[in-house]
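Participant: Handing you a structure now.
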Amino acid sequence: MWLLVLLACVLIWAGGTYWYLFGKPSPFSLESVRPPGPREYDQKKRDKVIKQGFSLDKVPQNLDAIVVGSGIGGLTAAATLAKVGKRVLVLEQHDQAGGCCHTYVEKGFEFDVGLHYIGQLHENSLLRIAFDQISEGQLEFQKLNQHFDTIQIGLGDEKREYTIFTGKTEMKAHLQKQFPDDVDAIETFFKIMKVSAKKTHYLASLKLIPKWVSLFLLKSGIADLVSPIFRLSGTCATTYANTLTSNKDLQLIFSYLFYGVPPKDSSIVINALLIHHYKRGAYYPKGGASEIAFHIIRTIQKYGGNCLVRAPVTQILVNEAGAAYGVKVRRSQEEVEVHAPVVISNCGIFTTFEKLLPPQIQVKPDIQDRLNMMKHGRGSFLVFSGFDGTQEELGLESTNFWLFKNNDMDTSMEEFFALSKEEAPENIPMMFITMPSAKDPEAKIKHPGKSCMTILTMVKYEWFEEWKDTKMRKRGDEYFKYKMRFANKLFDWACTLFPKIRDKLVFQDCATPLTNMHYLGNQRGAMYSAEHNLDRFHAEAVARNRCDTPVKNLYISGQDVFSCGIAGALHGGLLCASTVLDHIVYIDLLLLKKKLKRRKAREMAQLAKKKLQ
């Protein structure tokens, strides 16, 4: 009798598990992907998609979900929900959708704001399949040169230059060639990269299974028996690099893709993942970064949803039972309510919990506990420069440049952020240079005879805080003079690499943390959202920081869910959609990946057969 009961329980559990994993409709299919259509160059037609202003008559009826913020995380979640028949409304406070994927055009120049290059977009990769599904095959990517990054360390006669190559074997071999005395250290680091890349889904799984199960597996030590990724994710990057090599240049290269956190405060897994991200190639969207929002929004619209801009959300509506049921949107001098049974916030955990929730909800202990898990990220400072001349004439290239004044990133970042407001502009320790016009093959068509450059560095919000209550483009002469001190130093440094650009400069603008707050809605101007520090990536913290929130029907998407960057935010969107749907969409993507690989194998076999005939 007891055996029958046990057998019945096992069958019920197995059936329930199968239904949970495979029993719900998939948002993804091979049939939904179609060949890319012709590029839309008509700006008026593009604006109807990415610049459609908010009005109540454009809000779809019977909404299933509202997404606050149109960054890649929010758009991914919205498109995934749309493809299972959900009617989704995306609301964006800026006058253009896309978040860090938007571009802006000024004086005939087009600048990317937050997308500089993407990796892991080779044929049949999981990320490529995800992009194909949410855009239904309409996004095209240009593969950049194998030499995709140059790192310069030091100044003047002390300057050393290293180059980073893509390639499954070439990346490691090329680095070992430049550091012949550290071949073993590089070998070990690449093993960490491999473990990080292959086992990161275990960390993501902690967010998708019940929290009590995740914590039990971690605290009992069972998780560590399954994979070393749970221990490695909480390992300090500097500490680990010190065990591999005493070469400070190489240690810096292990963490060169900076995101505002010094190596001593960052996870070795995240730093290794960032480098591994480009191992199979670096890519840039054809037509520019705004193509991403343009095509994903059209997917959302296809299934009955919409994306509306100039729609600043002032509050998330929460009923007496503590459940979210919509938002308030500021429209001119009034506020209007838009209702939906699900609200997804893609505007960061601090903005969501500290600004959008009603005051009585903000102070609740479980909300404060989630906030205490995070720290504010560093602000970003960008310089946008436009030049009269082609990339060939100016010596520009698609390769990115990472410049460091010395090889001790921990000390240089600590000292820089400890400087006073007046000292900071003359002591910038590092910067990143990208040339979007040299990456996009269609830039020559859209903007002939022109080239552009974006320079980025990290700064303290506090250096600009005194102007936080002033209006955009009306912040005064002192603000302008101060931000130009940063801009001039960065541009002068760039001119040491590209001397021809100085005389061809015809346009320049810069974005401070206050600019990023205004246009992107970033708290304290942090483009990478909450700080990606070591505490955040301890396995238990990963398990606790999930898409669902203490407020029923309110979910978090984007960079604050898992990791930073375009790919990190997209995965935040997929994790969020999985949580909302109570269905792990990654399984659907993996099944698609298997189908695509089998199809590719058949095509290759047929091609080989033809050659033999």
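In the structure tokens, chains take the letters A, B, ... in the order shown, each chain's residues start at 1, and ligands count up from 1 in the order shown.
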Quick check for you: according to DSSP on this backbone, which residues of stretch 305-501 of chain A are classed as alpha helix (DSSP H)? Reply as an MDAnalysis selection string.

Facilitator: chainID A and resid 349:351 359:362 365:372 391:394 409:417 436:439 443:446 477:495

Participant: Got a sec: who's within 7 Å of stretch 557-566 of chain A, counting only C-alpha atoms, leaving out chain neighbours fewer than 2 positions off, as a list in words?

Facilitator: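 Using only C-alpha atoms, the neighbours found are Ile72, Gly73, Gly74, Leu115, Ile344, Ser345, Asn346, Gly348, Ile349, Tyr528, Ser529, Ala530, Asn545, Arg546, Cys547, Tyr555, Gly568, Ala569, Leu570, Gly572, Gly573 and Cys576 of chain A.
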
Participant: Would you please work out which residue, of A:Val329, A:Val551, A:Leu514, A:Leu155, is nearest to A:Asp469 when using only C-alpha atoms?

Facilitator: A:Leu514

Participant: Leaving out A:Ser380 and any residue of its chain fewer than 4 positions from it, which residues lie within 12 Å of it when counting only C-alpha atoms, given as a ChimeraX atom specification?

Facilitator: /A:113-114,258-260,431-432,455-464,486,510-517,520,522-529

Participant: If DSSP is run on the backbone, what residues of stretch 380-588 of chain A are strand (DSSP E)? A reply as number ranges by chain would be ideal.

Facilitator: A: 380-388, 400-404, 430-434, 450-459, 505-511, 554-556

Participant: Name the residues in contact with stretch 53-70 of chain A at a cut-off of 9 Å, using only C-alpha atoms, excluding same-chain residues fewer than 6 positions from it; report them as a count of residues only.

Facilitator: 43

Participant: Would you kindly return, as an NGL selection string, each protein, DNA or RNA residue with an atom no farther than 9 Å from any atom of A:Thr238, considering only C-alpha atoms and excluding same-chain residues fewer than 2 positions away?

Facilitator: :A and (235-236 or 240-243 or 251 or 255 or 262-268 or 410)

Participant: Can you spit out the residues from that selection as a CSV table (one decimal), in the first residue's frame, using all heavy atoms?

Facilitator:
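Contents of the output file result_30.csv:
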```csv
chain,number,residue,atom,x,y,z
A,235,THR,N,34.6,35.0,-5.4
A,235,THR,CA,36.0,35.1,-5.2
A,235,THR,C,36.5,36.4,-5.8
A,235,THR,O,36.1,36.8,-6.9
A,235,THR,CB,36.7,33.9,-6.0
A,235,THR,OG1,36.3,32.7,-5.4
A,235,THR,CG2,38.2,34.1,-5.8
A,236,CYS,N,37.3,37.1,-5.0
A,236,CYS,CA,37.8,38.4,-5.4
A,236,CYS,C,38.7,38.3,-6.6
A,236,CYS,O,39.6,37.5,-6.6
A,236,CYS,CB,38.5,39.1,-4.2
A,236,CYS,SG,39.6,40.5,-4.6
A,240,TYR,N,42.5,36.5,-6.7
A,240,TYR,CA,42.7,35.3,-7.6
A,240,TYR,C,43.9,35.6,-8.6
A,240,TYR,O,44.7,34.8,-8.8
A,240,TYR,CB,41.5,35.0,-8.4
A,240,TYR,CG,41.5,33.6,-8.9
A,240,TYR,CD1,41.1,32.5,-8.2
A,240,TYR,CD2,42.0,33.4,-10.2
A,240,TYR,CE1,41.2,31.2,-8.7
A,240,TYR,CE2,42.1,32.1,-10.7
A,240,TYR,CZ,41.7,31.0,-10.0
A,240,TYR,OH,41.8,29.7,-10.5
A,241,ALA,N,43.9,36.9,-9.1
A,241,ALA,CA,44.9,37.2,-10.1
A,241,ALA,C,46.3,37.1,-9.4
A,241,ALA,O,47.3,36.8,-10.1
A,241,ALA,CB,44.7,38.6,-10.6
A,242,ASN,N,46.4,37.5,-8.1
A,242,ASN,CA,47.7,37.5,-7.4
A,242,ASN,C,48.2,36.0,-7.3
A,242,ASN,O,49.4,35.8,-7.2
A,242,ASN,CB,47.5,38.1,-6.0
A,242,ASN,CG,47.5,39.6,-6.1
A,242,ASN,OD1,48.0,40.2,-7.0
A,242,ASN,ND2,46.9,40.2,-5.1
A,243,THR,N,47.3,35.1,-7.3
A,243,THR,CA,47.8,33.7,-7.2
A,243,THR,C,48.3,33.2,-8.6
A,243,THR,O,49.0,32.1,-8.6
A,243,THR,CB,46.6,32.7,-6.7
A,243,THR,OG1,45.6,32.7,-7.8
A,243,THR,CG2,46.0,33.2,-5.4
A,251,GLN,N,47.8,41.2,-14.8
A,251,GLN,CA,46.7,41.3,-13.8
A,251,GLN,C,45.6,42.3,-14.3
A,251,GLN,O,44.4,42.1,-14.2
A,251,GLN,CB,47.2,41.7,-12.5
A,251,GLN,CG,48.0,40.5,-11.8
A,251,GLN,CD,48.4,40.9,-10.4
A,251,GLN,OE1,48.0,42.0,-9.8
A,251,GLN,NE2,49.2,40.1,-9.7
A,255,SER,N,41.2,42.1,-15.9
A,255,SER,CA,40.1,42.9,-15.4
A,255,SER,C,39.9,44.2,-16.2
A,255,SER,O,39.3,45.2,-15.7
A,255,SER,CB,40.2,43.2,-13.9
A,255,SER,OG,40.3,42.1,-13.1
A,262,PRO,N,36.6,48.5,-8.9
A,262,PRO,CA,38.0,48.0,-9.0
A,262,PRO,C,38.1,46.5,-8.8
A,262,PRO,O,37.2,45.9,-8.2
A,262,PRO,CB,38.7,48.7,-7.8
A,262,PRO,CG,37.6,49.1,-6.9
A,262,PRO,CD,36.4,49.3,-7.7
A,263,PRO,N,39.1,45.8,-9.4
A,263,PRO,CA,39.2,44.4,-9.3
A,263,PRO,C,39.1,43.9,-7.8
A,263,PRO,O,38.6,42.8,-7.6
A,263,PRO,CB,40.6,44.1,-9.9
A,263,PRO,CG,40.8,45.2,-10.8
A,263,PRO,CD,40.2,46.4,-10.2
A,264,LYS,N,39.6,44.6,-6.9
A,264,LYS,CA,39.6,44.1,-5.5
A,264,LYS,C,38.2,44.0,-4.9
A,264,LYS,O,37.9,43.3,-4.0
A,264,LYS,CB,40.4,45.0,-4.6
A,264,LYS,CG,39.9,46.4,-4.4
A,264,LYS,CD,40.7,47.2,-3.4
A,264,LYS,CE,40.0,48.6,-3.2
A,264,LYS,NZ,40.7,49.4,-2.1
A,265,ASP,N,37.2,44.7,-5.6
A,265,ASP,CA,35.8,44.6,-5.1
A,265,ASP,C,35.0,43.9,-6.1
A,265,ASP,O,33.7,44.0,-6.0
A,265,ASP,CB,35.3,46.1,-4.9
A,265,ASP,CG,36.0,46.8,-3.8
A,265,ASP,OD1,36.4,46.2,-2.8
A,265,ASP,OD2,36.2,48.0,-4.0
A,266,SER,N,35.5,43.2,-7.1
A,266,SER,CA,34.7,42.6,-8.1
A,266,SER,C,35.0,41.1,-8.1
A,266,SER,O,35.9,40.6,-7.6
A,266,SER,CB,35.1,43.2,-9.5
A,266,SER,OG,36.4,42.9,-9.8
A,267,SER,N,34.0,40.4,-8.8
A,267,SER,CA,34.1,38.9,-8.8
A,267,SER,C,34.9,38.4,-10.0
A,267,SER,O,34.8,38.9,-11.1
A,267,SER,CB,32.6,38.4,-9.0
A,267,SER,OG,32.6,37.0,-9.4
A,268,ILE,N,35.8,37.4,-9.8
A,268,ILE,CA,36.6,36.9,-10.8
A,268,ILE,C,35.7,36.3,-11.9
A,268,ILE,O,36.0,36.3,-13.1
A,268,ILE,CB,37.6,35.8,-10.3
A,268,ILE,CG1,38.5,35.3,-11.4
A,268,ILE,CG2,36.8,34.6,-9.6
A,268,ILE,CD1,39.4,36.3,-11.9
A,410,ASP,N,43.4,49.0,-8.9
A,410,ASP,CA,42.8,49.1,-7.5
A,410,ASP,C,43.2,50.4,-6.9
A,410,ASP,O,42.3,51.2,-6.4
A,410,ASP,CB,43.3,47.9,-6.7
A,410,ASP,CG,42.5,46.6,-7.0
A,410,ASP,OD1,41.4,46.7,-7.4
A,410,ASP,OD2,43.1,45.6,-6.8
```

Participant: So that I can check the surroundings of A:Ala418, please list as a PyMOL selection string every protein, DNA and RNA residue that reaches within 12 Å of it, counting only C-alpha atoms and ignoring chain neighbours fewer than 2 positions away.

Facilitator: chain A and resi 411-416+420-424+427-428+459-460+462-463

Participant: Pull C-alpha atoms from the residues just selected and write them as a PDB file, in the first residue's frame.

Facilitator:
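Saved to out-v5.pdb:
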```pdb
ATOM      1  CA  THR A 411      44.982  51.944  -6.269  1.00  0.00           C
ATOM      2  CA  SER A 412      44.338  54.332  -9.169  1.00  0.00           C
ATOM      3  CA  MET A 413      40.544  53.986  -8.885  1.00  0.00           C
ATOM      4  CA  GLU A 414      40.621  54.311  -5.104  1.00  0.00           C
ATOM      5  CA  GLU A 415      42.775  57.449  -5.286  1.00  0.00           C
ATOM      6  CA  PHE A 416      40.718  58.957  -8.125  1.00  0.00           C
ATOM      7  CA  SER A 420      37.950  66.484  -4.398  1.00  0.00           C
ATOM      8  CA  LYS A 421      35.676  67.957  -7.053  1.00  0.00           C
ATOM      9  CA  GLU A 422      38.387  70.428  -8.103  1.00  0.00           C
ATOM     10  CA  GLU A 423      41.178  67.853  -8.320  1.00  0.00           C
ATOM     11  CA  ALA A 424      39.294  65.211 -10.315  1.00  0.00           C
ATOM     12  CA  ASN A 427      43.654  63.264 -12.719  1.00  0.00           C
ATOM     13  CA  ILE A 428      41.529  60.866 -14.800  1.00  0.00           C
ATOM     14  CA  VAL A 459      33.213  59.540 -12.264  1.00  0.00           C
ATOM     15  CA  LYS A 460      31.631  60.325  -8.902  1.00  0.00           C
ATOM     16  CA  GLU A 462      28.977  63.849  -5.966  1.00  0.00           C
ATOM     17  CA  TRP A 463      31.295  65.955  -8.152  1.00  0.00           C
TER      18      TRP A 463
END
```

Participant: With distances taken over only C-alpha atoms, which residue among A:Ile134, A:Leu30, A:Val506, A:Val183 lies nearest A:Ala79?

Facilitator: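 When distances to A:Ala79 are compared using only C-alpha atoms, the smallest one comes from A:Ile134.
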
Participant: Report the distance between atom CA of A:Leu357 and atom CA of A:Met472 in Å, rounded to one decimal place.

Facilitator: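 Going from atom CA of A:Leu357 over to atom CA of A:Met472 covers 25.6 Å.
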
Participant: Rounded to one decimal place, report the atom CA of A:Lys405-atom CA of A:Leu144 distance in Å.

Facilitator: 26.7 Å

Participant: Return the single residue from A:Tyr41, A:Tyr202, A:Phe491, A:Phe28 that is closest to A:Asp509, with distances computed using only C-alpha atoms.

Facilitator: A:Phe491

Participant: Work out how far apart atom CA of A:Tyr278 and atom CA of A:Cys101 are and give it in Å to one decimal.

Facilitator: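 Separation between atom CA of A:Tyr278 and atom CA of A:Cys101: 18.7 Å.
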
Participant: Using only C-alpha atoms, which of the listed residues (A:Pro210, A:Gly386, A:Gly449, A:Gly108) sits closest to A:Asp503?

Facilitator: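 Between A:Pro210, A:Gly386, A:Gly449, A:Gly108, the residue approaching A:Asp503 most closely is A:Gly386.
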